[in-house]
$ cat data17.pdb   # PDB, C-alpha atoms and all ligand atoms
ATOM      1  CA  MET A   1      14.921  19.163 -25.533  1.00  0.00           C
ATOM      2  CA  THR A   2      12.710  18.285 -22.596  1.00  0.00           C
ATOM      3  CA  GLU A   3      14.811  15.351 -21.472  1.00  0.00           C
ATOM      4  CA  GLY A   4      16.146  15.748 -17.953  1.00  0.00           C
ATOM      5  CA  THR A   5      14.251  18.943 -17.229  1.00  0.00           C
ATOM      6  CA  GLY A   6      11.388  17.327 -15.299  1.00  0.00           C
ATOM      7  CA  PHE A   7      11.240  18.083 -11.615  1.00  0.00           C
ATOM      8  CA  LEU A   8       8.982  17.959  -8.579  1.00  0.00           C
ATOM      9  CA  LEU A   9       7.998  21.167  -6.857  1.00  0.00           C
ATOM     10  CA  ILE A  10       6.362  21.203  -3.442  1.00  0.00           C
ATOM     11  CA  LEU A  11       3.950  24.063  -2.784  1.00  0.00           C
ATOM     12  CA  SER A  12       2.734  24.410   0.789  1.00  0.00           C
ATOM     13  CA  GLY A  13       0.960  27.185   2.635  1.00  0.00           C
ATOM     14  CA  PRO A  14      -1.850  27.504   5.121  1.00  0.00           C
ATOM     15  CA  SER A  15      -5.401  26.921   4.038  1.00  0.00           C
ATOM     16  CA  GLY A  16      -6.594  30.274   2.618  1.00  0.00           C
ATOM     17  CA  SER A  17      -3.155  31.398   1.416  1.00  0.00           C
ATOM     18  CA  GLY A  18      -4.369  31.042  -2.168  1.00  0.00           C
ATOM     19  CA  LYS A  19      -2.445  27.976  -3.348  1.00  0.00           C
ATOM     20  CA  ASP A  20      -5.220  26.828  -5.697  1.00  0.00           C
ATOM     21  CA  SER A  21      -5.466  30.203  -7.447  1.00  0.00           C
ATOM     22  CA  VAL A  22      -1.701  30.476  -7.808  1.00  0.00           C
ATOM     23  CA  ILE A  23      -1.472  26.966  -9.268  1.00  0.00           C
ATOM     24  CA  ARG A  24      -4.378  27.546 -11.657  1.00  0.00           C
ATOM     25  CA  ASN A  25      -2.655  30.642 -13.001  1.00  0.00           C
ATOM     26  CA  ILE A  26       0.750  28.978 -13.313  1.00  0.00           C
ATOM     27  CA  ILE A  27      -0.753  26.133 -15.317  1.00  0.00           C
ATOM     28  CA  ALA A  28      -2.641  28.535 -17.573  1.00  0.00           C
ATOM     29  CA  ARG A  29       0.623  30.346 -18.357  1.00  0.00           C
ATOM     30  CA  ASP A  30       3.046  27.424 -18.613  1.00  0.00           C
ATOM     31  CA  ASP A  31       2.129  24.261 -20.473  1.00  0.00           C
ATOM     32  CA  LYS A  32       5.117  22.378 -19.053  1.00  0.00           C
ATOM     33  CA  THR A  33       3.734  22.564 -15.543  1.00  0.00           C
ATOM     34  CA  VAL A  34       1.147  20.094 -14.277  1.00  0.00           C
ATOM     35  CA  VAL A  35      -0.384  19.575 -10.862  1.00  0.00           C
ATOM     36  CA  SER A  36      -0.657  16.255  -9.100  1.00  0.00           C
ATOM     37  CA  ILE A  37      -4.237  15.368  -8.139  1.00  0.00           C
ATOM     38  CA  SER A  38      -4.320  14.221  -4.532  1.00  0.00           C
ATOM     39  CA  MET A  39      -6.521  11.644  -2.903  1.00  0.00           C
ATOM     40  CA  THR A  40      -8.529  12.678   0.135  1.00  0.00           C
ATOM     41  CA  THR A  41     -11.054  11.257   2.558  1.00  0.00           C
ATOM     42  CA  ARG A  42     -12.700  14.665   3.088  1.00  0.00           C
ATOM     43  CA  ALA A  43     -16.047  15.450   1.439  1.00  0.00           C
ATOM     44  CA  PRO A  44     -16.091  17.598  -1.723  1.00  0.00           C
ATOM     45  CA  ARG A  45     -16.433  21.323  -1.012  1.00  0.00           C
ATOM     46  CA  GLY A  46     -18.502  23.730  -3.151  1.00  0.00           C
ATOM     47  CA  LYS A  47     -17.926  23.081  -6.841  1.00  0.00           C
ATOM     48  CA  GLU A  48     -15.100  20.577  -6.392  1.00  0.00           C
ATOM     49  CA  VAL A  49     -15.139  17.752  -8.906  1.00  0.00           C
ATOM     50  CA  ASP A  50     -13.937  14.201  -8.308  1.00  0.00           C
ATOM     51  CA  GLY A  51     -10.874  13.436 -10.454  1.00  0.00           C
ATOM     52  CA  LYS A  52     -10.161  17.125 -11.062  1.00  0.00           C
ATOM     53  CA  ASP A  53      -9.754  18.799  -7.677  1.00  0.00           C
ATOM     54  CA  TYR A  54      -9.172  15.590  -5.738  1.00  0.00           C
ATOM     55  CA  TYR A  55      -9.923  11.906  -5.913  1.00  0.00           C
ATOM     56  CA  PHE A  56     -12.511  11.644  -3.150  1.00  0.00           C
ATOM     57  CA  VAL A  57     -12.305   8.244  -1.482  1.00  0.00           C
ATOM     58  CA  THR A  58     -13.413   6.456   1.697  1.00  0.00           C
ATOM     59  CA  LYS A  59     -11.009   5.804   4.560  1.00  0.00           C
ATOM     60  CA  GLU A  60     -10.957   2.115   3.578  1.00  0.00           C
ATOM     61  CA  GLU A  61     -10.023   2.923  -0.026  1.00  0.00           C
ATOM     62  CA  PHE A  62      -7.345   5.335   1.164  1.00  0.00           C
ATOM     63  CA  GLN A  63      -5.886   2.676   3.452  1.00  0.00           C
ATOM     64  CA  SER A  64      -5.772   0.116   0.660  1.00  0.00           C
ATOM     65  CA  HIS A  65      -3.735   2.513  -1.539  1.00  0.00           C
ATOM     66  CA  ILE A  66      -1.269   2.898   1.331  1.00  0.00           C
ATOM     67  CA  ASP A  67      -1.108  -0.866   1.845  1.00  0.00           C
ATOM     68  CA  ASN A  68      -0.406  -1.378  -1.876  1.00  0.00           C
ATOM     69  CA  ASP A  69       2.449   1.152  -1.744  1.00  0.00           C
ATOM     70  CA  GLU A  70       0.710   3.403  -4.270  1.00  0.00           C
ATOM     71  CA  MET A  71       1.268   6.683  -2.400  1.00  0.00           C
ATOM     72  CA  LEU A  72       4.333   8.888  -2.723  1.00  0.00           C
ATOM     73  CA  GLU A  73       3.392  10.406   0.659  1.00  0.00           C
ATOM     74  CA  TRP A  74       0.318  10.884   2.786  1.00  0.00           C
ATOM     75  CA  ALA A  75      -0.663  12.784   5.922  1.00  0.00           C
ATOM     76  CA  GLN A  76      -3.512  13.407   8.293  1.00  0.00           C
ATOM     77  CA  TYR A  77      -4.833  16.975   8.345  1.00  0.00           C
ATOM     78  CA  GLY A  78      -7.608  17.637  10.844  1.00  0.00           C
ATOM     79  CA  SER A  79      -9.733  14.520  10.825  1.00  0.00           C
ATOM     80  CA  ASN A  80      -9.047  13.707   7.171  1.00  0.00           C
ATOM     81  CA  PHE A  81      -6.325  11.971   5.193  1.00  0.00           C
ATOM     82  CA  TYR A  82      -4.607  13.364   2.101  1.00  0.00           C
ATOM     83  CA  GLY A  83      -2.069  11.679  -0.156  1.00  0.00           C
ATOM     84  CA  THR A  84      -0.202  11.887  -3.461  1.00  0.00           C
ATOM     85  CA  PRO A  85      -0.729   8.972  -5.885  1.00  0.00           C
ATOM     86  CA  LYS A  86       2.635   7.794  -7.222  1.00  0.00           C
ATOM     87  CA  ALA A  87       1.629   6.528 -10.653  1.00  0.00           C
ATOM     88  CA  PRO A  88       1.355   9.698 -12.751  1.00  0.00           C
ATOM     89  CA  ILE A  89       4.402  11.386 -11.268  1.00  0.00           C
ATOM     90  CA  GLU A  90       7.177   9.301 -12.833  1.00  0.00           C
ATOM     91  CA  LYS A  91       5.578   9.577 -16.252  1.00  0.00           C
ATOM     92  CA  TRP A  92       5.371  13.366 -16.020  1.00  0.00           C
ATOM     93  CA  ILE A  93       8.949  13.691 -14.808  1.00  0.00           C
ATOM     94  CA  ALA A  94      10.143  11.521 -17.715  1.00  0.00           C
ATOM     95  CA  GLU A  95       8.246  13.838 -20.090  1.00  0.00           C
ATOM     96  CA  GLY A  96      10.146  16.831 -18.738  1.00  0.00           C
ATOM     97  CA  LYS A  97       7.214  18.319 -16.829  1.00  0.00           C
ATOM     98  CA  THR A  98       7.315  20.447 -13.709  1.00  0.00           C
ATOM     99  CA  VAL A  99       5.018  18.590 -11.314  1.00  0.00           C
ATOM    100  CA  ILE A 100       3.508  20.670  -8.523  1.00  0.00           C
ATOM    101  CA  LEU A 101       2.604  18.837  -5.331  1.00  0.00           C
ATOM    102  CA  GLU A 102       0.209  21.014  -3.356  1.00  0.00           C
ATOM    103  CA  ILE A 103       0.684  19.411   0.047  1.00  0.00           C
ATOM    104  CA  GLU A 104       0.847  20.333   3.727  1.00  0.00           C
ATOM    105  CA  VAL A 105       4.000  20.409   5.822  1.00  0.00           C
ATOM    106  CA  GLN A 106       4.076  16.807   7.098  1.00  0.00           C
ATOM    107  CA  GLY A 107       3.839  15.429   3.560  1.00  0.00           C
ATOM    108  CA  ALA A 108       6.585  17.847   2.495  1.00  0.00           C
ATOM    109  CA  ASP A 109       8.779  16.503   5.317  1.00  0.00           C
ATOM    110  CA  LYS A 110       8.246  12.922   4.175  1.00  0.00           C
ATOM    111  CA  ILE A 111       9.209  13.715   0.587  1.00  0.00           C
ATOM    112  CA  ARG A 112      12.213  15.783   1.659  1.00  0.00           C
ATOM    113  CA  ALA A 113      13.446  12.932   3.849  1.00  0.00           C
ATOM    114  CA  LYS A 114      13.732  10.800   0.696  1.00  0.00           C
ATOM    115  CA  ASN A 115      14.710  13.579  -1.740  1.00  0.00           C
ATOM    116  CA  PRO A 116      16.712  16.228   0.109  1.00  0.00           C
ATOM    117  CA  ASP A 117      17.246  18.253  -3.087  1.00  0.00           C
ATOM    118  CA  ILE A 118      13.586  18.680  -3.855  1.00  0.00           C
ATOM    119  CA  MET A 119      12.544  22.202  -4.674  1.00  0.00           C
ATOM    120  CA  SER A 120       9.915  23.770  -2.428  1.00  0.00           C
ATOM    121  CA  MET A 121       7.914  26.976  -2.075  1.00  0.00           C
ATOM    122  CA  PHE A 122       5.825  28.229   0.803  1.00  0.00           C
ATOM    123  CA  LEU A 123       2.947  30.613   0.109  1.00  0.00           C
ATOM    124  CA  LEU A 124       2.143  33.100   2.870  1.00  0.00           C
ATOM    125  CA  PRO A 125      -0.914  35.305   3.172  1.00  0.00           C
ATOM    126  CA  PRO A 126       0.021  38.977   3.681  1.00  0.00           C
ATOM    127  CA  SER A 127      -1.124  38.771   7.330  1.00  0.00           C
ATOM    128  CA  PHE A 128      -2.862  36.386   9.681  1.00  0.00           C
ATOM    129  CA  HIS A 129      -5.858  38.711   9.696  1.00  0.00           C
ATOM    130  CA  VAL A 130      -6.170  38.450   5.910  1.00  0.00           C
ATOM    131  CA  LEU A 131      -5.952  34.675   6.170  1.00  0.00           C
ATOM    132  CA  GLU A 132      -8.841  34.624   8.635  1.00  0.00           C
ATOM    133  CA  GLU A 133     -10.906  36.872   6.370  1.00  0.00           C
ATOM    134  CA  ARG A 134     -10.257  34.693   3.348  1.00  0.00           C
ATOM    135  CA  LEU A 135     -11.273  31.538   5.194  1.00  0.00           C
ATOM    136  CA  ARG A 136     -14.484  33.172   6.411  1.00  0.00           C
ATOM    137  CA  LYS A 137     -15.338  34.527   2.951  1.00  0.00           C
ATOM    138  CA  ARG A 138     -15.061  31.052   1.516  1.00  0.00           C
ATOM    139  CA  ALA A 139     -18.084  30.193   3.687  1.00  0.00           C
ATOM    140  CA  THR A 140     -17.979  26.534   2.759  1.00  0.00           C
ATOM    141  CA  ASP A 141     -16.407  25.380   6.026  1.00  0.00           C
ATOM    142  CA  SER A 142     -18.084  25.257   9.419  1.00  0.00           C
ATOM    143  CA  GLU A 143     -17.014  27.657  12.192  1.00  0.00           C
ATOM    144  CA  GLU A 144     -15.386  24.716  13.943  1.00  0.00           C
ATOM    145  CA  ASP A 145     -13.474  23.790  10.799  1.00  0.00           C
ATOM    146  CA  ILE A 146     -12.356  27.411  10.264  1.00  0.00           C
ATOM    147  CA  LYS A 147     -11.027  27.592  13.829  1.00  0.00           C
ATOM    148  CA  ALA A 148      -9.196  24.299  13.411  1.00  0.00           C
ATOM    149  CA  ARG A 149      -7.669  25.518  10.109  1.00  0.00           C
ATOM    150  CA  LEU A 150      -6.501  28.751  11.753  1.00  0.00           C
ATOM    151  CA  GLU A 151      -4.804  26.797  14.519  1.00  0.00           C
ATOM    152  CA  VAL A 152      -3.077  24.537  11.996  1.00  0.00           C
ATOM    153  CA  ALA A 153      -2.117  27.645   9.980  1.00  0.00           C
ATOM    154  CA  LYS A 154      -0.263  29.107  12.970  1.00  0.00           C
ATOM    155  CA  SER A 155       1.971  26.100  13.322  1.00  0.00           C
ATOM    156  CA  GLU A 156       2.410  25.773   9.542  1.00  0.00           C
ATOM    157  CA  ILE A 157       3.603  29.368   9.235  1.00  0.00           C
ATOM    158  CA  GLY A 158       6.313  28.506  11.745  1.00  0.00           C
ATOM    159  CA  ARG A 159       7.571  25.928   9.249  1.00  0.00           C
ATOM    160  CA  ALA A 160       7.887  28.341   6.305  1.00  0.00           C
ATOM    161  CA  SER A 161      11.605  28.726   6.916  1.00  0.00           C
ATOM    162  CA  ASP A 162      12.180  25.077   5.918  1.00  0.00           C
ATOM    163  CA  TYR A 163      11.265  25.888   2.312  1.00  0.00           C
ATOM    164  CA  ASP A 164      13.561  27.072  -0.468  1.00  0.00           C
ATOM    165  CA  TYR A 165      11.376  30.087  -1.267  1.00  0.00           C
ATOM    166  CA  ILE A 166       8.760  32.021   0.670  1.00  0.00           C
ATOM    167  CA  ILE A 167       6.294  33.886  -1.543  1.00  0.00           C
ATOM    168  CA  VAL A 168       3.869  36.380  -0.025  1.00  0.00           C
ATOM    169  CA  ASN A 169       0.503  36.279  -1.761  1.00  0.00           C
ATOM    170  CA  ASN A 170      -0.420  39.900  -1.472  1.00  0.00           C
ATOM    171  CA  ARG A 171      -1.439  40.410  -5.087  1.00  0.00           C
ATOM    172  CA  LEU A 172      -2.208  37.175  -6.919  1.00  0.00           C
ATOM    173  CA  GLU A 173      -0.558  38.361 -10.163  1.00  0.00           C
ATOM    174  CA  ASP A 174       2.697  39.096  -8.339  1.00  0.00           C
ATOM    175  CA  ALA A 175       2.706  35.741  -6.558  1.00  0.00           C
ATOM    176  CA  VAL A 176       2.139  33.941  -9.884  1.00  0.00           C
ATOM    177  CA  GLU A 177       4.854  35.993 -11.559  1.00  0.00           C
ATOM    178  CA  ASP A 178       7.342  35.192  -8.788  1.00  0.00           C
ATOM    179  CA  ALA A 179       6.520  31.483  -8.766  1.00  0.00           C
ATOM    180  CA  LEU A 180       6.880  31.308 -12.572  1.00  0.00           C
ATOM    181  CA  GLU A 181      10.211  33.066 -12.457  1.00  0.00           C
ATOM    182  CA  ILE A 182      11.499  30.535  -9.919  1.00  0.00           C
ATOM    183  CA  ILE A 183      10.208  27.645 -12.042  1.00  0.00           C
ATOM    184  CA  PHE A 184      11.736  28.999 -15.271  1.00  0.00           C
ATOM    185  CA  ARG A 185      15.038  29.657 -13.588  1.00  0.00           C
ATOM    186  CA  HIS A 186      15.198  26.142 -12.201  1.00  0.00           C
ATOM    187  CA  ARG A 187      14.235  24.622 -15.537  1.00  0.00           C
ATOM    188  CA  ARG A 188      16.945  26.625 -17.257  1.00  0.00           C
ATOM    189  CA  HIS A 189      19.414  25.453 -14.667  1.00  0.00           C
ATOM    190  CA  LEU A 190      18.503  21.810 -15.340  1.00  0.00           C
ATOM    191  CA  ARG A 191      18.736  22.320 -19.102  1.00  0.00           C
ATOM    192  CA  GLU A 192      22.093  24.021 -19.024  1.00  0.00           C
ATOM    193  CA  SER A 193      24.004  22.260 -16.296  1.00  0.00           C
ATOM    194  CA  GLU A 194      27.035  24.383 -17.130  1.00  0.00           C
ATOM    195  CA  SER A 195      24.938  27.520 -16.858  1.00  0.00           C
ATOM    196  CA  GLN A 196      26.320  30.610 -15.213  1.00  0.00           C
ATOM    197  CA  ASP A 197      22.867  31.154 -13.703  1.00  0.00           C
ATOM    198  CA  GLU A 198      22.908  31.600 -10.020  1.00  0.00           C
ATOM    199  CA  PHE A 199      21.382  28.553  -8.406  1.00  0.00           C
ATOM    200  CA  TYR A 200      18.923  29.714  -5.818  1.00  0.00           C
ATOM    201  CA  TYR A 201      17.884  26.691  -3.876  1.00  0.00           C
ATOM    202  CA  GLY A 202      18.438  25.928  -0.266  1.00  0.00           C
ATOM    203  CA  HIS A 203      17.870  29.404   1.102  1.00  0.00           C
ATOM    204  CA  GLN A 204      18.255  29.932   4.811  1.00  0.00           C
ATOM    205  CA  TYR A 205      15.284  31.757   6.275  1.00  0.00           C
ATOM    206  CA  LYS A 206      14.651  33.231   9.639  1.00  0.00           C
ATOM    207  CA  GLU A 207      12.095  31.243  11.620  1.00  0.00           C
ATOM    208  CA  LEU A 208       8.747  32.947  11.120  1.00  0.00           C
ATOM    209  CA  GLN A 209       6.328  33.625  13.942  1.00  0.00           C
ATOM    210  CA  VAL A 210       2.724  34.445  13.193  1.00  0.00           C
ATOM    211  CA  ASP A 211       2.980  38.034  14.417  1.00  0.00           C
ATOM    212  CA  ASP A 212       6.382  38.560  12.841  1.00  0.00           C
ATOM    213  CA  TYR A 213       4.905  39.690   9.733  1.00  0.00           C
ATOM    214  CA  ILE A 214       5.329  41.174   7.250  1.00  0.00           C
ATOM    215  CA  ASP A 215       6.403  44.021   5.150  1.00  0.00           C
ATOM    216  CA  GLU A 216       3.278  44.771   3.140  1.00  0.00           C
ATOM    217  CA  ASN A 217       5.317  45.126  -0.037  1.00  0.00           C
ATOM    218  CA  ALA A 218       7.210  41.880   0.435  1.00  0.00           C
ATOM    219  CA  ARG A 219       6.930  39.441  -2.463  1.00  0.00           C
ATOM    220  CA  VAL A 220       9.539  36.705  -2.264  1.00  0.00           C
ATOM    221  CA  LEU A 221      10.980  36.925   1.229  1.00  0.00           C
ATOM    222  CA  PRO A 222      14.705  37.415   1.165  1.00  0.00           C
ATOM    223  CA  PRO A 223      16.996  34.838   2.721  1.00  0.00           C
ATOM    224  CA  ILE A 224      18.274  35.367   6.213  1.00  0.00           C
ATOM    225  CA  GLU A 225      21.197  37.674   5.517  1.00  0.00           C
ATOM    226  CA  ASP A 226      18.826  40.256   3.995  1.00  0.00           C
ATOM    227  CA  PHE A 227      16.236  40.372   6.757  1.00  0.00           C
ATOM    228  CA  SER A 228      17.591  43.379   8.612  1.00  0.00           C
ATOM    229  CA  GLU A 229      17.449  45.461   5.450  1.00  0.00           C
ATOM    230  CA  ARG A 230      13.787  44.637   4.960  1.00  0.00           C
ATOM    231  CA  GLY A 231      12.860  45.833   8.429  1.00  0.00           C
ATOM    232  CA  LEU A 232      11.745  42.427   9.653  1.00  0.00           C
ATOM    233  CA  LYS A 233      12.417  41.723  13.274  1.00  0.00           C
TER
HETATM  234  P1  LIG B 301      -8.025  21.290   1.779  1.00  0.00           P
HETATM  235  O1  LIG B 301      -8.953  20.469   2.632  1.00  0.00           O
HETATM  236  O2  LIG B 301      -8.057  22.752   2.154  1.00  0.00           O
HETATM  237  O3  LIG B 301      -8.228  21.055   0.307  1.00  0.00           O
HETATM  238  O4  LIG B 301      -6.521  20.782   2.084  1.00  0.00           O
HETATM  239  C1  LIG B 301      -6.051  20.751   3.394  1.00  0.00           C
HETATM  240  C2  LIG B 301      -4.529  20.640   3.358  1.00  0.00           C
HETATM  241  O5  LIG B 301      -4.145  19.382   2.816  1.00  0.00           O
HETATM  242  C3  LIG B 301      -3.858  21.706   2.502  1.00  0.00           C
HETATM  243  O6  LIG B 301      -2.768  22.247   3.246  1.00  0.00           O
HETATM  244  C4  LIG B 301      -3.358  20.941   1.310  1.00  0.00           C
HETATM  245  O7  LIG B 301      -2.147  21.508   0.802  1.00  0.00           O
HETATM  246  C5  LIG B 301      -3.070  19.596   1.916  1.00  0.00           C
HETATM  247  N1  LIG B 301      -3.037  18.517   0.923  1.00  0.00           N
HETATM  248  C6  LIG B 301      -3.763  18.391  -0.207  1.00  0.00           C
HETATM  249  N2  LIG B 301      -3.412  17.283  -0.872  1.00  0.00           N
HETATM  250  C7  LIG B 301      -2.419  16.698  -0.155  1.00  0.00           C
HETATM  251  C8  LIG B 301      -1.635  15.516  -0.337  1.00  0.00           C
HETATM  252  O8  LIG B 301      -1.745  14.774  -1.303  1.00  0.00           O
HETATM  253  N3  LIG B 301      -0.717  15.241   0.624  1.00  0.00           N
HETATM  254  C9  LIG B 301      -0.539  16.023   1.716  1.00  0.00           C
HETATM  255  N4  LIG B 301       0.397  15.682   2.585  1.00  0.00           N
HETATM  256  N5  LIG B 301      -1.266  17.153   1.916  1.00  0.00           N
HETATM  257  C10 LIG B 301      -2.186  17.479   0.989  1.00  0.00           C
END
$ encode --input "data17.pdb" --output "structure tokens"
Amino acid sequence: MTEGTGFLLILSGPSGSGKDSVIRNIIARDDKTVVSISMTTRAPRGKEVDGKDYYFVTKEEFQSHIDNDEMLEWAQYGSNFYGTPKAPIEKWIAEGKTVILEIEVQGADKIRAKNPDIMSMFLLPPSFHVLEERLRKRATDSEEDIKARLEVAKSEIGRASDYDYIIVNNRLEDAVEDALEIIFRHRRHLRESESQDEFYYGHQYKELQVDDYIDENARVLPPIEDFSERGLK
């Protein structure tokens, strides 16, 4: 019954929005969802393990994977390169898996350019202040790196409206619940193409500014026509 229900799901969000925790919890709760392991030229952080969190490679190795057309997408983030190896993805999709790509906005653009129907979610921290606190608590990055990540985060937040869903990670359990509901709904839609289920993708969102935010009880931000009701400017 899994045939035809495999799909790719992009998850983006600024560094510190909690993408890793959300993904870990989704995978623990849903054995049909897997996460693509990216390749990066940055050094391992804290307890990160090669082949589990990332494939850590040199710039030369990274370049050779690009030259051999082995990357689905890649992007530069700060001074490092990050990319999605192609090989495992097709196999997972054929097996009916939901494959999460945890990637930044440029990589998402590249994949969307080739697959306009791809499903995507953007994870927002409840406020910019909280994001800053989370990055500082992590204490594995240098002050310079934290500042650079905050700058990147500002411009990334402005891109949230390009995603099908915007989930606010206020309480981790809620964010996981919301993401799972979206995944299940999409899977059901693929399984029952004649389904009466409402098909939620392609929402139109208001462009977000960093200090726009955000209703502290917001979970999945409503599409544009609902914004006035939620008290968002
Ligand atoms: P970090 O250094 O915090 O692990 O990741 C920095 C950024 O790179 C995050 O926004 C993360 O989503 C993104 N990233 C991780 N893997 C990939 C990838 O394979 N491709 C792209 N485009 N971005 C990635």
$ closest_atom_pairs --input "data17.pdb" --of "chain A" --to "ligand LIG 301 (chain B)" --cutoff "7 Å" --atoms "all atoms listed in the file" --output "Markdown table"
| residue | atom | partner | partner_atom | distance |
| --- | --- | --- | --- | --- |
| A:Ser12 | CA | B:LIG301 | O7 | 5.7 |
| A:Gly13 | CA | B:LIG301 | O6 | 6.2 |
| A:Pro14 | CA | B:LIG301 | O6 | 5.7 |
| A:Ser15 | CA | B:LIG301 | O2 | 5.3 |
| A:Ser38 | CA | B:LIG301 | O8 | 4.2 |
| A:Met39 | CA | B:LIG301 | O8 | 5.9 |
| A:Thr40 | CA | B:LIG301 | N2 | 7.0 |
| A:Arg42 | CA | B:LIG301 | O1 | 6.9 |
| A:Glu73 | CA | B:LIG301 | N3 | 6.3 |
| A:Trp74 | CA | B:LIG301 | N4 | 4.8 |
| A:Ala75 | CA | B:LIG301 | N4 | 4.5 |
| A:Tyr77 | CA | B:LIG301 | O5 | 6.1 |
| A:Tyr82 | CA | B:LIG301 | C8 | 4.4 |
| A:Gly83 | CA | B:LIG301 | O8 | 3.3 |
| A:Thr84 | CA | B:LIG301 | O8 | 3.9 |
| A:Glu102 | CA | B:LIG301 | O7 | 4.8 |
| A:Ile103 | CA | B:LIG301 | N5 | 3.5 |
| A:Glu104 | CA | B:LIG301 | O6 | 4.1 |
| A:Val105 | CA | B:LIG301 | N4 | 6.8 |
| A:Gln106 | CA | B:LIG301 | N4 | 5.9 |
| A:Gly107 | CA | B:LIG301 | N4 | 3.6 |
| A:Ala108 | CA | B:LIG301 | N4 | 6.6 |
$ write_last_selection --input "data17.pdb" --atoms "C-alpha atoms" --output "mmCIF file, in the frame of the given file"
data_model
loop_
_atom_site.group_PDB
_atom_site.id
_atom_site.type_symbol
_atom_site.label_atom_id
_atom_site.label_comp_id
_atom_site.auth_asym_id
_atom_site.auth_seq_id
_atom_site.Cartn_x
_atom_site.Cartn_y
_atom_site.Cartn_z
ATOM 1 C CA SER A 12 2.734 24.410 0.789
ATOM 2 C CA GLY A 13 0.960 27.185 2.635
ATOM 3 C CA PRO A 14 -1.850 27.504 5.121
ATOM 4 C CA SER A 15 -5.401 26.921 4.038
ATOM 5 C CA SER A 38 -4.320 14.221 -4.532
ATOM 6 C CA MET A 39 -6.521 11.644 -2.903
ATOM 7 C CA THR A 40 -8.529 12.678 0.135
ATOM 8 C CA ARG A 42 -12.700 14.665 3.088
ATOM 9 C CA GLU A 73 3.392 10.406 0.659
ATOM 10 C CA TRP A 74 0.318 10.884 2.786
ATOM 11 C CA ALA A 75 -0.663 12.784 5.922
ATOM 12 C CA TYR A 77 -4.833 16.975 8.345
ATOM 13 C CA TYR A 82 -4.607 13.364 2.101
ATOM 14 C CA GLY A 83 -2.069 11.679 -0.156
ATOM 15 C CA THR A 84 -0.202 11.887 -3.461
ATOM 16 C CA GLU A 102 0.209 21.014 -3.356
ATOM 17 C CA ILE A 103 0.684 19.411 0.047
ATOM 18 C CA GLU A 104 0.847 20.333 3.727
ATOM 19 C CA VAL A 105 4.000 20.409 5.822
ATOM 20 C CA GLN A 106 4.076 16.807 7.098
ATOM 21 C CA GLY A 107 3.839 15.429 3.560
ATOM 22 C CA ALA A 108 6.585 17.847 2.495
#
$ resolve_selection --input "data17.pdb" --expression "the PyMOL selection byres (((chain A and resi 118-133) around 7) and not hetatm)" --output "JSON, numbers by chain"
{"A": [8, 9, 10, 11, 12, 13, 16, 17, 19, 112, 115, 116, 117, 134, 135, 136, 137, 160, 163, 164, 165, 166, 167, 168, 169, 170, 210, 213, 214, 216]}
$ closest_residue --input "data17.pdb" --among "A:Gly78, A:Ser161, A:Lys32, A:Ser64" --to "Lys147 of chain A" --atoms "all atoms listed in the file"
A:Gly78
$ resolve_selection --input "data17.pdb" --expression "the PyMOL selection byres (((chain A and resi 43) around 10) and not hetatm)" --output "MDAnalysis selection string"
chainID A and resid 40:42 44:46 48 54 56:58 80
$ closest_residue --input "data17.pdb" --among "A:Val49, A:Val34, A:Leu208, A:Leu180" --to "Pro88 of chain A" --atoms "all atoms listed in the file"
A:Val34
$ atom_distance --input "data17.pdb" --atom1 "atom CA of Gln76 of chain A" --atom2 "atom CA of Ile146 of chain A"
16.7 Å
$ atom_distance --input "data17.pdb" --atom1 "atom CA of Val99 of chain A" --atom2 "atom CA of Ser36 of chain A"
6.5 Å
$ axis_aligned_box --input "data17.pdb" --around "segment 157-170 of chain A" --padding-each-side "8 Å" --output "lines of an AutoDock Vina configuration file"
center_x = 6.6
center_y = 32.5
center_z = 5.0
size_x = 30.0
size_y = 30.8
size_z = 29.5
$ atom_distance --input "data17.pdb" --atom1 "atom CA of Val35 of chain A" --atom2 "atom CA of Ala218 of chain A"
26.1 Å
$ closest_residue --input "data17.pdb" --among "A:Leu150, A:Ala94, A:Ile157, A:Val220" --to "Ile182 of chain A" --atoms "only C-alpha atoms"
A:Val220
